[in-house]
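Shown here: final_35.csv, CSV, C-alpha atoms (C1' of nucleotides).
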```csv
chain,number,residue,atom,x,y,z
A,931,MET,CA,-114.9,24.0,-23.4
A,932,LEU,CA,-115.2,25.5,-20.0
A,933,SER,CA,-115.0,29.3,-19.8
A,934,LYS,CA,-112.1,30.9,-18.0
A,935,LYS,CA,-114.6,32.0,-15.5
A,936,THR,CA,-115.3,28.4,-14.6
A,937,ARG,CA,-111.7,27.5,-14.5
A,938,TYR,CA,-110.8,30.4,-12.3
A,939,ALA,CA,-113.6,29.6,-10.0
A,940,MET,CA,-112.4,26.0,-9.5
A,941,LYS,CA,-108.8,27.1,-9.0
A,942,ALA,CA,-109.9,29.7,-6.5
A,943,LEU,CA,-112.0,27.2,-4.6
A,944,VAL,CA,-109.0,24.9,-4.4
A,945,VAL,CA,-106.9,27.6,-2.9
A,946,LEU,CA,-109.7,28.5,-0.5
A,947,GLY,CA,-110.1,24.8,0.3
A,948,LYS,CA,-106.5,24.6,1.4
A,949,HIS,CA,-107.2,27.3,3.9
A,950,PHE,CA,-110.5,26.1,5.1
A,951,GLY,CA,-111.0,26.9,8.8
A,952,GLN,CA,-108.4,29.6,8.8
A,953,ALA,CA,-108.7,33.4,8.4
A,954,PRO,CA,-110.3,34.6,5.2
A,955,LEU,CA,-108.1,35.0,2.1
A,956,GLN,CA,-108.0,38.3,0.2
A,957,ILE,CA,-108.9,38.4,-3.5
A,958,SER,CA,-105.6,39.9,-4.4
A,959,ARG,CA,-103.8,37.0,-2.7
A,960,ILE,CA,-105.7,34.4,-4.6
A,961,ALA,CA,-105.3,36.3,-7.8
A,962,SER,CA,-101.6,36.5,-7.6
A,963,GLU,CA,-101.2,33.0,-6.4
A,964,GLU,CA,-103.1,31.6,-9.3
A,965,ASN,CA,-102.3,34.2,-12.0
A,966,ILE,CA,-105.9,35.2,-12.3
A,967,PRO,CA,-106.8,38.9,-13.2
A,968,LYS,CA,-107.9,40.4,-10.0
A,969,LYS,CA,-110.9,42.3,-11.2
A,970,PHE,CA,-112.3,39.3,-13.0
A,971,LEU,CA,-111.7,37.1,-10.0
A,972,GLU,CA,-113.6,39.7,-7.9
A,973,GLN,CA,-116.8,39.1,-10.0
A,974,ILE,CA,-116.3,35.3,-9.9
A,975,LEU,CA,-115.9,35.1,-6.1
A,976,LEU,CA,-119.0,37.3,-5.8
A,977,ASP,CA,-121.0,34.8,-7.8
A,978,LEU,CA,-119.7,32.0,-5.7
A,979,ARG,CA,-120.7,33.9,-2.6
A,980,ASN,CA,-124.1,34.7,-3.8
A,981,ALA,CA,-124.6,31.0,-4.6
A,982,GLY,CA,-123.8,30.2,-1.0
A,983,LEU,CA,-120.4,28.6,-1.4
A,984,LEU,CA,-118.4,31.3,0.1
A,985,PHE,CA,-118.7,33.9,2.9
A,986,SER,CA,-117.0,37.3,2.7
A,987,LYS,CA,-115.8,39.8,5.1
A,988,LYS,CA,-115.3,43.4,4.2
A,989,GLY,CA,-112.7,45.8,5.5
A,990,ALA,CA,-109.2,45.4,6.8
A,991,GLY,CA,-108.4,41.7,7.5
A,992,GLY,CA,-111.4,40.7,5.4
A,993,GLY,CA,-111.5,38.3,2.5
A,994,TYR,CA,-113.2,35.2,1.4
A,995,GLY,CA,-113.6,31.7,2.8
A,996,LEU,CA,-115.5,28.5,2.2
A,997,VAL,CA,-118.8,28.1,4.0
A,998,LYS,CA,-118.7,24.3,3.8
A,999,ASP,CA,-116.0,21.7,4.1
A,1000,PRO,CA,-114.1,21.3,0.8
A,1001,SER,CA,-115.3,17.7,0.7
A,1002,GLU,CA,-118.9,19.0,0.4
A,1003,ILE,CA,-118.3,21.2,-2.6
A,1004,PHE,CA,-118.6,19.3,-5.9
A,1005,LEU,CA,-117.5,20.4,-9.3
A,1006,VAL,CA,-121.0,20.2,-10.8
A,1007,GLN,CA,-122.1,23.0,-8.5
A,1008,VAL,CA,-119.3,25.2,-9.5
A,1009,LEU,CA,-120.0,24.6,-13.1
A,1010,ARG,CA,-123.6,25.5,-12.7
A,1011,ILE,CA,-122.9,28.6,-10.8
A,1012,THR,CA,-120.5,29.9,-13.3
A,1013,GLY,CA,-122.9,29.2,-16.1
A,1014,GLY,CA,-121.1,26.3,-17.8
A,1015,PRO,CA,-123.6,23.7,-18.9
A,1016,VAL,CA,-122.4,20.1,-18.4
A,1017,ALA,CA,-124.2,18.9,-21.6
A,1018,LEU,CA,-122.8,19.2,-25.1
A,1019,LEU,CA,-126.2,19.9,-26.6
A,1020,PRO,CA,-128.8,22.3,-25.2
A,1021,CYS,CA,-131.6,19.8,-25.7
A,1022,VAL,CA,-129.8,17.4,-23.4
A,1023,SER,CA,-129.0,19.9,-20.6
A,1024,LEU,CA,-130.7,19.3,-17.3
A,1025,ASN,CA,-130.2,22.8,-16.0
A,1026,PHE,CA,-129.9,24.9,-19.1
A,1027,TYR,CA,-132.3,23.0,-21.4
A,1028,GLN,CA,-133.3,24.6,-24.7
A,1029,LYS,CA,-135.0,23.0,-27.6
A,1030,CYS,CA,-132.9,22.5,-30.7
A,1031,GLU,CA,-134.6,24.8,-33.2
A,1032,GLU,CA,-133.9,22.6,-36.2
A,1033,CYS,CA,-134.9,19.4,-34.5
A,1034,ILE,CA,-138.2,17.9,-35.8
A,1035,ASN,CA,-138.8,15.3,-33.2
A,1036,GLU,CA,-136.6,15.4,-30.1
A,1037,GLY,CA,-138.0,12.1,-28.8
A,1038,THR,CA,-136.6,10.1,-31.7
A,1039,CYS,CA,-133.4,12.0,-32.3
A,1040,GLY,CA,-130.5,9.5,-32.3
A,1041,VAL,CA,-127.8,12.2,-31.9
A,1042,ARG,CA,-129.6,13.5,-28.9
A,1043,ASP,CA,-129.8,10.0,-27.5
A,1044,VAL,CA,-126.0,9.6,-27.7
A,1045,PHE,CA,-125.4,12.9,-26.0
A,1046,VAL,CA,-127.6,12.0,-23.1
A,1047,ASP,CA,-125.1,9.2,-22.5
A,1048,VAL,CA,-122.2,11.6,-22.8
A,1049,ARG,CA,-123.8,13.9,-20.4
A,1050,ASN,CA,-124.4,11.2,-17.9
A,1051,ALA,CA,-120.8,10.1,-18.1
A,1052,THR,CA,-119.5,13.6,-17.5
A,1053,LEU,CA,-122.0,14.3,-14.8
A,1054,LYS,CA,-120.9,11.2,-12.9
A,1055,VAL,CA,-117.3,12.4,-12.7
A,1056,LEU,CA,-118.2,16.0,-11.9
A,1057,SER,CA,-120.8,15.1,-9.3
A,1058,GLU,CA,-118.5,12.7,-7.5
A,1059,THR,CA,-115.5,15.0,-7.4
A,1060,SER,CA,-115.2,17.5,-4.6
A,1061,ILE,CA,-112.7,20.3,-4.0
A,1062,ALA,CA,-111.2,18.1,-1.3
A,1063,ASP,CA,-110.7,15.4,-4.0
A,1064,ILE,CA,-108.8,17.9,-6.1
A,1065,ILE,CA,-106.5,18.8,-3.3
A,1066,THR,CA,-105.9,15.1,-2.7
A,1067,ARG,CA,-105.2,14.5,-6.3
A,1068,GLU,CA,-102.6,17.3,-6.3
A,1069,GLU,CA,-100.9,15.8,-3.3
A,1070,ILE,CA,-100.7,12.5,-5.2
A,1071,LEU,CA,-99.4,14.2,-8.3
A,1072,ILE,CA,-96.7,15.9,-6.3
A,1073,GLU,CA,-95.8,12.7,-4.6
A,1074,LYS,CA,-95.4,10.9,-7.9
A,1075,LEU,CA,-93.1,13.6,-9.3
A,1076,ARG,CA,-90.9,13.2,-6.3
A,1077,LEU,CA,-90.0,9.6,-7.2
B,444,MET,CA,-121.4,22.9,-26.1
B,445,LEU,CA,-121.1,21.6,-29.6
B,446,SER,CA,-121.3,24.2,-32.3
B,447,LYS,CA,-124.2,24.1,-34.7
B,448,LYS,CA,-121.7,23.2,-37.4
B,449,THR,CA,-121.0,19.9,-35.5
B,450,ARG,CA,-124.6,19.2,-34.9
B,451,TYR,CA,-125.6,19.8,-38.5
B,452,ALA,CA,-122.7,17.6,-39.6
B,453,MET,CA,-123.9,14.7,-37.5
B,454,LYS,CA,-127.5,15.1,-38.6
B,455,ALA,CA,-126.5,15.2,-42.2
B,456,LEU,CA,-124.3,12.1,-41.8
B,457,VAL,CA,-127.2,10.3,-40.3
B,458,VAL,CA,-129.4,11.2,-43.3
B,459,LEU,CA,-126.6,10.1,-45.7
B,460,GLY,CA,-126.2,7.0,-43.7
B,461,LYS,CA,-129.7,6.0,-44.2
B,462,HIS,CA,-129.1,6.2,-48.0
B,463,PHE,CA,-125.8,4.5,-48.0
B,464,GLY,CA,-125.3,2.5,-51.2
B,465,GLN,CA,-128.0,4.4,-53.1
B,466,ALA,CA,-127.8,7.4,-55.4
B,467,PRO,CA,-126.1,10.6,-54.0
B,468,LEU,CA,-128.3,13.0,-52.1
B,469,GLN,CA,-128.5,16.7,-52.9
B,470,ILE,CA,-127.6,19.3,-50.4
B,471,SER,CA,-130.9,21.0,-50.7
B,472,ARG,CA,-132.7,17.8,-49.9
B,473,ILE,CA,-130.7,17.2,-46.7
B,474,ALA,CA,-131.1,20.8,-45.8
B,475,SER,CA,-134.8,20.8,-46.0
B,476,GLU,CA,-135.2,17.4,-44.4
B,477,GLU,CA,-133.2,18.5,-41.3
B,478,ASN,CA,-134.1,22.2,-41.3
B,479,ILE,CA,-130.5,23.2,-41.9
B,480,PRO,CA,-129.7,26.5,-43.7
B,481,LYS,CA,-128.6,25.3,-47.1
B,482,LYS,CA,-125.6,27.5,-47.7
B,483,PHE,CA,-124.2,26.7,-44.3
B,484,LEU,CA,-124.7,23.0,-44.9
B,485,GLU,CA,-122.9,23.4,-48.2
B,486,GLN,CA,-119.7,24.4,-46.3
B,487,ILE,CA,-120.1,21.7,-43.8
B,488,LEU,CA,-120.5,18.9,-46.3
B,489,LEU,CA,-117.5,20.2,-48.1
B,490,ASP,CA,-115.4,19.9,-45.0
B,491,LEU,CA,-116.6,16.4,-44.5
B,492,ARG,CA,-115.7,15.6,-48.0
B,493,ASN,CA,-112.3,17.1,-47.8
B,494,ALA,CA,-111.8,15.0,-44.7
B,495,GLY,CA,-112.5,11.9,-46.7
B,496,LEU,CA,-115.9,11.0,-45.2
B,497,LEU,CA,-118.0,11.9,-48.2
B,498,PHE,CA,-117.8,11.8,-51.9
B,499,SER,CA,-119.5,14.3,-54.1
B,500,LYS,CA,-120.8,14.4,-57.6
B,501,LYS,CA,-121.4,17.6,-59.6
B,502,GLY,CA,-124.0,18.3,-62.2
B,503,ALA,CA,-127.5,17.0,-62.7
B,504,GLY,CA,-128.2,14.0,-60.6
B,505,GLY,CA,-125.2,14.8,-58.4
B,506,GLY,CA,-125.0,15.2,-54.7
B,507,TYR,CA,-123.2,13.7,-51.7
B,508,GLY,CA,-122.8,10.2,-50.4
B,509,LEU,CA,-120.9,8.4,-47.7
B,510,VAL,CA,-117.5,6.9,-48.7
B,511,LYS,CA,-117.6,4.3,-46.0
B,512,ASP,CA,-120.2,2.2,-44.3
B,513,PRO,CA,-122.1,4.1,-41.6
B,514,SER,CA,-120.8,1.6,-39.1
B,515,GLU,CA,-117.2,2.8,-39.8
B,516,ILE,CA,-117.8,6.5,-39.2
B,517,PHE,CA,-117.5,7.4,-35.5
B,518,LEU,CA,-118.6,10.6,-33.8
B,519,VAL,CA,-115.1,11.5,-32.6
B,520,GLN,CA,-114.1,11.9,-36.2
B,521,VAL,CA,-117.0,14.2,-37.0
B,522,LEU,CA,-116.3,16.3,-33.9
B,523,ARG,CA,-112.7,16.7,-34.9
B,524,ILE,CA,-113.4,17.5,-38.5
B,525,THR,CA,-115.8,20.2,-37.5
B,526,GLY,CA,-113.4,21.7,-35.0
B,527,GLY,CA,-115.1,20.7,-31.8
B,528,PRO,CA,-112.6,19.7,-29.1
B,529,VAL,CA,-113.7,16.8,-27.0
B,530,ALA,CA,-112.0,18.0,-23.9
B,531,LEU,CA,-113.4,20.7,-21.6
B,532,LEU,CA,-110.0,22.2,-21.0
B,533,PRO,CA,-107.5,23.1,-23.7
B,534,CYS,CA,-104.7,21.7,-21.5
B,535,VAL,CA,-106.4,18.3,-21.6
B,536,SER,CA,-107.2,18.1,-25.3
B,537,LEU,CA,-105.4,15.5,-27.3
B,538,ASN,CA,-106.0,17.1,-30.7
B,539,PHE,CA,-106.3,20.8,-29.8
B,540,TYR,CA,-103.9,21.0,-26.9
B,541,GLN,CA,-103.0,24.4,-25.6
B,542,LYS,CA,-101.3,25.3,-22.4
B,543,CYS,CA,-103.4,27.1,-19.8
B,544,GLU,CA,-101.7,30.5,-19.6
B,545,GLU,CA,-102.4,31.0,-15.9
B,546,CYS,CA,-101.3,27.5,-14.9
B,547,ILE,CA,-98.1,27.4,-12.9
B,548,ASN,CA,-97.4,23.7,-13.0
B,549,GLU,CA,-99.6,21.6,-15.3
B,550,GLY,CA,-98.2,18.3,-14.0
B,551,THR,CA,-99.5,18.9,-10.5
B,552,CYS,CA,-102.8,20.6,-11.4
B,553,GLY,CA,-105.7,18.8,-9.7
B,554,VAL,CA,-108.3,20.5,-11.8
B,555,ARG,CA,-106.6,19.3,-14.9
B,556,ASP,CA,-106.3,15.8,-13.5
B,557,VAL,CA,-110.1,15.6,-13.0
B,558,PHE,CA,-110.8,16.8,-16.5
B,559,VAL,CA,-108.5,14.2,-18.0
B,560,ASP,CA,-111.0,11.7,-16.5
B,561,VAL,CA,-113.9,13.6,-17.9
B,562,ARG,CA,-112.3,13.7,-21.3
B,563,ASN,CA,-111.7,9.9,-21.2
B,564,ALA,CA,-115.3,9.2,-20.3
B,565,THR,CA,-116.5,11.4,-23.1
B,566,LEU,CA,-114.1,10.0,-25.6
B,567,LYS,CA,-115.1,6.5,-24.8
B,568,VAL,CA,-118.7,7.1,-25.8
B,569,LEU,CA,-117.9,9.2,-28.9
B,570,SER,CA,-115.2,6.8,-30.2
B,571,GLU,CA,-117.5,3.8,-29.8
B,572,THR,CA,-120.6,5.3,-31.4
B,573,SER,CA,-120.9,5.2,-35.1
B,574,ILE,CA,-123.4,6.8,-37.5
B,575,ALA,CA,-124.9,3.3,-37.9
B,576,ASP,CA,-125.4,3.2,-34.1
B,577,ILE,CA,-127.3,6.4,-34.2
B,578,ILE,CA,-129.6,5.1,-36.9
B,579,THR,CA,-130.2,2.0,-34.8
B,580,ARG,CA,-130.9,4.1,-31.7
B,581,GLU,CA,-133.5,6.1,-33.7
B,582,GLU,CA,-135.2,2.9,-34.7
B,583,ILE,CA,-135.3,1.8,-31.1
B,584,LEU,CA,-136.7,5.2,-30.0
B,585,ILE,CA,-139.4,5.0,-32.7
B,586,GLU,CA,-140.2,1.5,-31.6
B,587,LYS,CA,-140.6,2.6,-28.0
B,588,LEU,CA,-142.9,5.4,-28.9
B,589,ARG,CA,-145.2,3.0,-30.7
B,590,LEU,CA,-146.0,1.0,-27.6
C,212,DA,C1',-126.1,25.2,-75.1
C,213,DA,C1',-128.6,25.1,-71.0
C,214,DA,C1',-129.6,23.6,-66.6
C,215,DA,C1',-128.3,21.2,-62.4
C,216,DA,C1',-125.5,20.8,-58.8
C,217,DG,C1',-121.4,21.3,-56.1
C,218,DA,C1',-116.8,24.4,-55.0
C,219,DC,C1',-114.9,28.3,-53.4
C,220,DT,C1',-114.2,33.0,-51.4
C,221,DA,C1',-115.6,36.8,-49.0
C,222,DC,C1',-118.4,39.2,-46.1
C,223,DT,C1',-121.3,40.6,-42.1
C,224,DA,C1',-124.4,40.5,-38.1
C,225,DA,C1',-124.8,38.9,-33.7
C,226,DA,C1',-123.2,36.8,-29.7
C,227,DT,C1',-120.1,35.8,-26.2
C,228,DC,C1',-116.0,36.2,-23.5
C,229,DC,C1',-112.5,38.4,-21.0
C,230,DA,C1',-111.0,42.0,-18.9
C,231,DT,C1',-110.9,46.6,-17.1
C,232,DA,C1',-112.8,50.9,-15.2
C,233,DT,C1',-115.3,53.4,-12.0
C,234,DA,C1',-117.9,54.5,-8.2
C,235,DC,C1',-119.9,52.8,-3.8
C,236,DT,C1',-120.2,50.4,0.8
C,237,DT,C1',-118.7,48.3,4.8
C,238,DT,C1',-115.4,47.5,8.5
C,239,DG,C1',-111.3,47.8,11.3
C,240,DT,C1',-108.1,50.7,13.5
C,241,DA,C1',-105.1,54.7,14.4
D,166,DT,C1',-113.8,60.3,13.8
D,167,DA,C1',-111.1,59.8,9.8
D,168,DC,C1',-108.8,57.0,6.8
D,169,DA,C1',-107.5,52.9,4.6
D,170,DA,C1',-108.5,48.2,3.4
D,171,DA,C1',-111.3,45.2,1.3
D,172,DG,C1',-115.5,43.6,-0.9
D,173,DT,C1',-120.0,45.1,-4.0
D,174,DA,C1',-121.9,46.5,-8.1
D,175,DT,C1',-122.5,48.2,-12.7
D,176,DA,C1',-121.0,49.5,-17.0
D,177,DT,C1',-118.3,49.4,-20.8
D,178,DG,C1',-115.1,48.1,-24.5
D,179,DG,C1',-112.3,45.1,-27.4
D,180,DA,C1',-111.4,40.6,-29.3
D,181,DT,C1',-112.9,36.5,-30.9
D,182,DT,C1',-116.0,33.2,-32.6
D,183,DT,C1',-120.2,31.6,-34.7
D,184,DA,C1',-123.8,31.4,-37.8
D,185,DG,C1',-125.4,32.5,-41.8
D,186,DT,C1',-125.6,34.9,-46.5
D,187,DA,C1',-124.1,36.3,-51.1
D,188,DG,C1',-122.1,35.8,-55.3
D,189,DT,C1',-119.3,33.7,-58.6
D,190,DC,C1',-117.0,29.8,-60.7
D,191,DT,C1',-116.6,24.9,-62.2
D,192,DT,C1',-118.2,20.5,-63.6
D,193,DT,C1',-121.4,17.3,-65.4
D,194,DT,C1',-125.5,15.7,-67.6
D,195,DT,C1',-129.0,16.1,-71.1
```
Output the file's structure as structure tokens, nothing else.
Amino acid sequence: MLSKKTRYAMKALVVLGKHFGQAPLQISRIASEENIPKKFLEQILLDLRNAGLLFSKKGAGGGYGLVKDPSEIFLVQVLRITGGPVALLPCVSLNFYQKCEECINEGTCGVRDVFVDVRNATLKVLSETSIADIITREEILIEKLRL
Amino acid sequence: MLSKKTRYAMKALVVLGKHFGQAPLQISRIASEENIPKKFLEQILLDLRNAGLLFSKKGAGGGYGLVKDPSEIFLVQVLRITGGPVALLPCVSLNFYQKCEECINEGTCGVRDVFVDVRNATLKVLSETSIADIITREEILIEKLRL
DNA sequence: AAAAAGACTACTAAATCCATATACTTTGTA
DNA sequence: TACAAAGTATATGGATTTAGTAGTCTTTTT
């Protein structure tokens, strides 16, 4: 399961993506728009900024904005910034690898082998999907509901 | 990430799969073979038994065994018994569904839409892979290491 | 009867997650 | 220049979950 942090981060990026190129958006605005606790969102946006995804502007008329085009921000990146490993087993994680304590021989572990496949399948979707794609998907979903 | 419970369950089932058709295996034997805390494994095997995957026999010469052929036990089942949701978001889970509190309209949520795809990809692997497949994979891995 | 093995219940220590609080810094503007 | 708006940073606390342990009871075999 993804943490709320990761979920909030993605939702916030979608909102920011819709405003790309415009004036920066304030935390409180994003928070109220997406029902995210403001103080928590504050920390999250800060992480995304420190990771180079967002710029920030202090003071009156300040706020946050995307540094890159939404089509260049992929979900894997977000997941990794917010600390959510893609893999379901630590011994299979590319960026958060940890040896399974109980495992005798990692190289011949069949369970691990399967979860390498699972990770690859997940990674494929997440590394191909951008914030822009999510915005497009939302438009399609809204369109469908109109029928 | 899968819980240790789920991991231990899978490993135990693999051990039991290798002994399918033979005399039941004792908890302590599986525990020492796979470096799993015995008392913890006890609870896990009980869950698997209550879910109908294992039979148990008390008293001297007792132990646990698979009810079905290892080729008929799939990883999705194990995951669901041990309480590990397949989905990365609660609002996308088939068996552990929960509404995202903060979500305004689930039907038009692009993030959710992507994670439906992720879930399907994961589910495909986990519902196609059996305990027997894991055993086969281990044999292949061992074979490869011999070269 | 005794020993072997699982069944069941309860508990606890540690970790993690979510959220809030508080104090500080920067920037725009009246 | 002073003040208010907004982000920065750190700390803290509560709730929940996870992992593991302990102890007692029940069943079965010898």
Can I get the residues of chain B within 9 Å of chain D, each with the closest pair of atoms and their distance in Å to one decimal, using all atoms listed in the file, sorted chain first then ascending number, as a Markdown table?
```
| residue | atom | partner | partner_atom | distance |
| --- | --- | --- | --- | --- |
| B:Ser446 | CA | D:DT183 | C1' | 7.9 |
| B:Lys447 | CA | D:DA184 | C1' | 7.9 |
| B:Lys448 | CA | D:DA184 | C1' | 8.5 |
| B:Pro480 | CA | D:DG185 | C1' | 7.6 |
| B:Lys482 | CA | D:DT186 | C1' | 7.5 |
| B:Phe483 | CA | D:DG185 | C1' | 6.4 |
| B:Lys500 | CA | D:DT193 | C1' | 8.3 |
| B:Lys501 | CA | D:DT193 | C1' | 5.8 |
| B:Gly502 | CA | D:DT193 | C1' | 4.2 |
| B:Ala503 | CA | D:DT194 | C1' | 5.4 |
| B:Gly504 | CA | D:DT194 | C1' | 7.7 |
| B:Gly505 | CA | D:DT193 | C1' | 8.3 |
```
Please, could you write that set of residues out with C-alpha atoms as a PDB file, in the frame of the given file?
```pdb
ATOM      1  CA  SER B 446    -121.300  24.200 -32.300  1.00  0.00           C
ATOM      2  CA  LYS B 447    -124.200  24.100 -34.700  1.00  0.00           C
ATOM      3  CA  LYS B 448    -121.700  23.200 -37.400  1.00  0.00           C
ATOM      4  CA  PRO B 480    -129.700  26.500 -43.700  1.00  0.00           C
ATOM      5  CA  LYS B 482    -125.600  27.500 -47.700  1.00  0.00           C
ATOM      6  CA  PHE B 483    -124.200  26.700 -44.300  1.00  0.00           C
ATOM      7  CA  LYS B 500    -120.800  14.400 -57.600  1.00  0.00           C
ATOM      8  CA  LYS B 501    -121.400  17.600 -59.600  1.00  0.00           C
ATOM      9  CA  GLY B 502    -124.000  18.300 -62.200  1.00  0.00           C
ATOM     10  CA  ALA B 503    -127.500  17.000 -62.700  1.00  0.00           C
ATOM     11  CA  GLY B 504    -128.200  14.000 -60.600  1.00  0.00           C
ATOM     12  CA  GLY B 505    -125.200  14.800 -58.400  1.00  0.00           C
TER      13      GLY B 505
END
```
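Remark: for B:Val457, the closest of the candidate residues B:Arg580, B:Arg523, B:Lys587, B:Lys481 is B:Arg580 (distances computed over only C-alpha atoms).
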Would you mind listing, as a VMD selection string, all residues of chain C that have at least one atom within 6 Å of chain B, where all atoms listed in the file are what counts? chain C and resid 215 to 217
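Atom pair atom CA of B:Lys454 / atom CA of A:Lys1029 has a distance of 15.5 Å (rounded to one decimal).
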Contact check, chain B to chain A, at most 9 Å, counting only C-alpha atoms, closest pairs as a Markdown table:
```
| residue | atom | partner | partner_atom | distance |
| --- | --- | --- | --- | --- |
| B:Met444 | CA | A:Leu1018 | CA | 4.1 |
| B:Leu445 | CA | A:Leu1018 | CA | 5.4 |
| B:Ser446 | CA | A:Leu1019 | CA | 8.7 |
| B:Arg450 | CA | A:Val1041 | CA | 8.3 |
| B:Met453 | CA | A:Val1041 | CA | 7.3 |
| B:Lys454 | CA | A:Val1041 | CA | 7.3 |
| B:Val457 | CA | A:Val1041 | CA | 8.6 |
| B:Glu477 | CA | A:Glu1032 | CA | 6.6 |
| B:Asn478 | CA | A:Glu1032 | CA | 5.1 |
| B:Ile479 | CA | A:Glu1032 | CA | 6.7 |
| B:Pro528 | CA | A:Met931 | CA | 7.5 |
| B:Val529 | CA | A:Met931 | CA | 8.1 |
| B:Ala530 | CA | A:Met931 | CA | 6.7 |
| B:Leu531 | CA | A:Met931 | CA | 4.0 |
| B:Leu532 | CA | A:Met931 | CA | 5.7 |
| B:Pro533 | CA | A:Met931 | CA | 7.5 |
| B:Glu544 | CA | A:Asn965 | CA | 8.5 |
| B:Glu545 | CA | A:Asn965 | CA | 5.0 |
| B:Cys546 | CA | A:Glu964 | CA | 7.2 |
| B:Ile547 | CA | A:Glu964 | CA | 7.5 |
| B:Gly550 | CA | A:Leu1071 | CA | 7.1 |
| B:Thr551 | CA | A:Leu1071 | CA | 5.2 |
| B:Cys552 | CA | A:Glu1068 | CA | 6.1 |
| B:Gly553 | CA | A:Ile1064 | CA | 4.8 |
| B:Val554 | CA | A:Ile1064 | CA | 6.3 |
| B:Asp556 | CA | A:Arg1067 | CA | 7.4 |
| B:Val557 | CA | A:Ile1064 | CA | 7.4 |
| B:Phe558 | CA | A:Val1055 | CA | 8.7 |
| B:Asp560 | CA | A:Val1055 | CA | 7.4 |
| B:Val561 | CA | A:Thr1052 | CA | 5.6 |
| B:Arg562 | CA | A:Thr1052 | CA | 8.1 |
| B:Ala564 | CA | A:Ala1051 | CA | 6.0 |
| B:Thr565 | CA | A:Val1048 | CA | 5.7 |
| B:Leu566 | CA | A:Val1048 | CA | 8.7 |
| B:Lys567 | CA | A:Val1048 | CA | 9.0 |
| B:Val568 | CA | A:Val1048 | CA | 6.4 |
| B:Leu569 | CA | A:Val1048 | CA | 7.8 |
| B:Thr572 | CA | A:Val1044 | CA | 7.8 |
| B:Ile574 | CA | A:Val1041 | CA | 8.9 |
| B:Asp576 | CA | A:Gly1040 | CA | 8.3 |
| B:Ile577 | CA | A:Gly1040 | CA | 4.8 |
| B:Ile578 | CA | A:Gly1040 | CA | 6.4 |
| B:Thr579 | CA | A:Gly1040 | CA | 7.9 |
| B:Arg580 | CA | A:Gly1040 | CA | 5.4 |
| B:Glu581 | CA | A:Gly1040 | CA | 4.7 |
| B:Glu582 | CA | A:Thr1038 | CA | 7.9 |
| B:Ile583 | CA | A:Thr1038 | CA | 8.4 |
| B:Leu584 | CA | A:Thr1038 | CA | 5.2 |
| B:Ile585 | CA | A:Thr1038 | CA | 5.9 |
| B:Leu588 | CA | A:Gly1037 | CA | 8.3 |
```
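From atom CA of B:Asn548 back to atom CA of A:Gln1007, the distance works out to 25.1 Å.
Closest to B:Leu497 among B:Leu537, B:Ala466, B:Ile473, B:Leu459 is B:Leu459, based on only C-alpha atoms.
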Separating atom CA of B:Tyr540 from atom CA of B:Thr449, to the nearest tenth of an Å, is a gap of 19.2 Å
